[in-house]
Amino acid sequence: MPTVSEFLIERLENSGVKHLFSVCGDYILKFINEIHKTNKIKLINTTDENHAGFAADAYARVNGIGCVAATYNVGALKLCNAIAGAYAEKSPVIIISGSPGIKERNDDFLLHHVVRSFENQQKMFSNITCYSVILDDPTKAGYHIDAALEALQKYKQPIYIELPRDIADMPIRYDVYREGTPITKISDAETLNDALDEVQNWIKTSNNPVIMAGVQITRFGLGSQLVRFAERHNIPMVTTLLSKSCINEHHPLFAGIYRGIQTTEESLRKLVDDSDCLMIFGEMLTDMTLGFQSPKFTKRQTIFCSTEGLKVKNHNYTNINFLDFCVKLFKSDVGHIFGSILSDKNEINKFIPTENKICTDRFFEKIDSVLKEHPELAVVADIGECLFGASELTVPHHHFFSPAFYCSMGFAIPGALGVQLASPGLRPLVLVGDGAFQMSISELSTFLQLKLNPIIFILNNNGYTTERFLLDGPFNNIRNWNYHEVVSLLNGGKGLKVETEGELEDAINIALKATELFIINVCVLSNDVSVSLRRMAENLSKKV
């Protein structure tokens, strides 16, 4: 009979977990040792728990599931920020935390790392996960592990499993015939058919339907099915900043990134706002999505389908699963082909460098041209200028990763670690500001340890540029480093500093041929920003 740890590891492996990110600590050591002994899941030792959480989040966005482990409180509570972001952006991450043994909790003396009560940590994580449990009883542990994993697959959000260290070695004693197997409730067939009939009839009788593909399309692996449905009916598709690259941005039916009033192209904004049948699949409508203003389209114009439910105009359907509805609709034929005509927006002019000082907009022009010629590159963008400037890049399907709603600084470098481990065929092209780089620099050591080769661009403008345009002050300035020289400290990798367009061109050519970590320190003026960031700041600054 397997132990609780062995059963949990088997379930992780069967769920698709191939790497586990962690910083070791005494309460989690037994479990980590079991991971090491089985050799079925590769242990990735990161330099910080917050980084481990970001890496597991990005790994989940590529692999479909990610996993992170930490010791009690001092380790696990450092995960809270990264896991809150995964929860907010619906990324399926498993958190496993070791904790004091059940028997030792009855001793008269205090145990290290404990705060307030032994259940306190689980209570905190219950607010940022879709299922949380303390495995304090080996006779019920198996059921709770399966129930947690079922919830993760249903909601595509993090789950929390706490493993007391004396429970880890106990036999599992899981009687599936007595306790049952947790199974997600299926859609009500009659209600599902009624909803499909209403939606199909509306699409067929509409004049200018539009599809908005949201982040949950990626989480449930529905991108290809959605594209085939759009092709069958010739319906234009858009995404948002959070769901960027949910579909291939080179596709002729892809119209662009919709950002409400901040949408770059007026024709794109009108395409969405004036649609008489706006189909929103798996999207999270947020202030970031909508340009910090209320949407111009109304409920009467929309079909809104997500894990939270299905709304058709003002009609709410209950007892319908997001996956069930999308799969059936995307396989259907509504019997009408629309006459969508989109301009060729994918034509990219070749970047011709000058000896001028590099500016932010020209930097992103160069990155765009590189992506066109190198489909093996995937963009991992930190927030701020890196995110807003990168919104104008054209990328293939599922080649863009960023915390575009939760917006936590420091995601990109550990996120790139997760991306490359989940898909070794992708080479991360990391866009990070100098502030976020200073937060996450230690994780470069892990890249070198694992012989990974991201290209990291540090957009160096001596501070927090986004905040400068919201409310300027000396609190937005940070100390400048010789970022490209950090490779000497790390004893590995290559680094270059660039100040002109010609130097950027040369550095990128060298980096693309390199087989190891490469850092490019891109020096721009502190007041130089992209058009996208300037537009965003003008709207958001009114609320600060």
# chains A, B, ... in the order shown; residues from 1 in each chain; ligands from 1
>>> residues_around(residues="A:Pro182", least_positions_apart="4", cutoff="7 Å", atoms="only C-alpha atoms", output="VMD selection string")
chain A and resid 146 to 147 150
>>> write_last_selection(atoms="C-alpha atoms", output="PDB file, in the first residue's frame")
ATOM      1  CA  ASP A 146      -8.367  13.588  -6.065  1.00  0.00           C
ATOM      2  CA  ALA A 147     -11.011  16.194  -5.182  1.00  0.00           C
ATOM      3  CA  GLU A 150     -10.668  17.623 -10.031  1.00  0.00           C
TER       4      GLU A 150
END
>>> residues_around(residues="stretch 5-10 of chain A", least_positions_apart="3", cutoff="6 Å", atoms="only C-alpha atoms", output="CSV table (one decimal) with N, CA, C and O atoms, in the first residue's frame")
chain,number,residue,atom,x,y,z
A,2,PRO,N,0.7,2.2,-0.9
A,2,PRO,CA,1.5,3.4,-1.0
A,2,PRO,C,1.3,4.3,0.2
A,2,PRO,O,0.3,4.3,0.8
A,13,GLU,N,2.2,13.0,-11.3
A,13,GLU,CA,2.7,12.5,-12.5
A,13,GLU,C,1.6,12.2,-13.5
A,13,GLU,O,1.7,12.5,-14.7
A,168,ALA,N,3.0,12.1,5.9
A,168,ALA,CA,3.7,11.9,4.6
A,168,ALA,C,4.0,10.4,4.5
A,168,ALA,O,3.9,9.8,3.4
>>> select_by_dssp(residues="stretch 171-259 of chain A", states="helix (DSSP H, G or I)", output="PyMOL selection string")
chain A and resi 176-179+189-205+215-219+223-233
>>> closest_residue(among="A:Asn120, A:Ile456, A:Ile102, A:Cys277", to="A:Thr205", atoms="only C-alpha atoms")
A:Cys277
>>> closest_residue(among="A:Leu429, A:Val68, A:Leu525, A:Val272", to="A:Asn462", atoms="only C-alpha atoms")
A:Leu525
>>> closest_atom_pairs(of="stretch 250-281 of chain A", to="stretch 196-199 of chain A", cutoff="12 Å", atoms="only C-alpha atoms", output="Markdown table")
| residue | atom | partner | partner_atom | distance |
| --- | --- | --- | --- | --- |
| A:Cys277 | CA | A:Val199 | CA | 9.4 |
| A:Leu278 | CA | A:Val199 | CA | 10.9 |
| A:Met279 | CA | A:Val199 | CA | 9.3 |
| A:Ile280 | CA | A:Val199 | CA | 11.9 |
>>> closest_residue(among="A:Leu79, A:Val380, A:Ala195, A:Ala56", to="A:Ile44", atoms="only C-alpha atoms")
A:Ala56
>>> select_by_dssp(residues="stretch 260-497 of chain A", states="strand (DSSP E or B)", output="number ranges by chain")
A: 277-281, 302-306, 309-312, 315-317, 357, 377-381, 400-401, 427-433, 455-460, 463, 477, 494-497
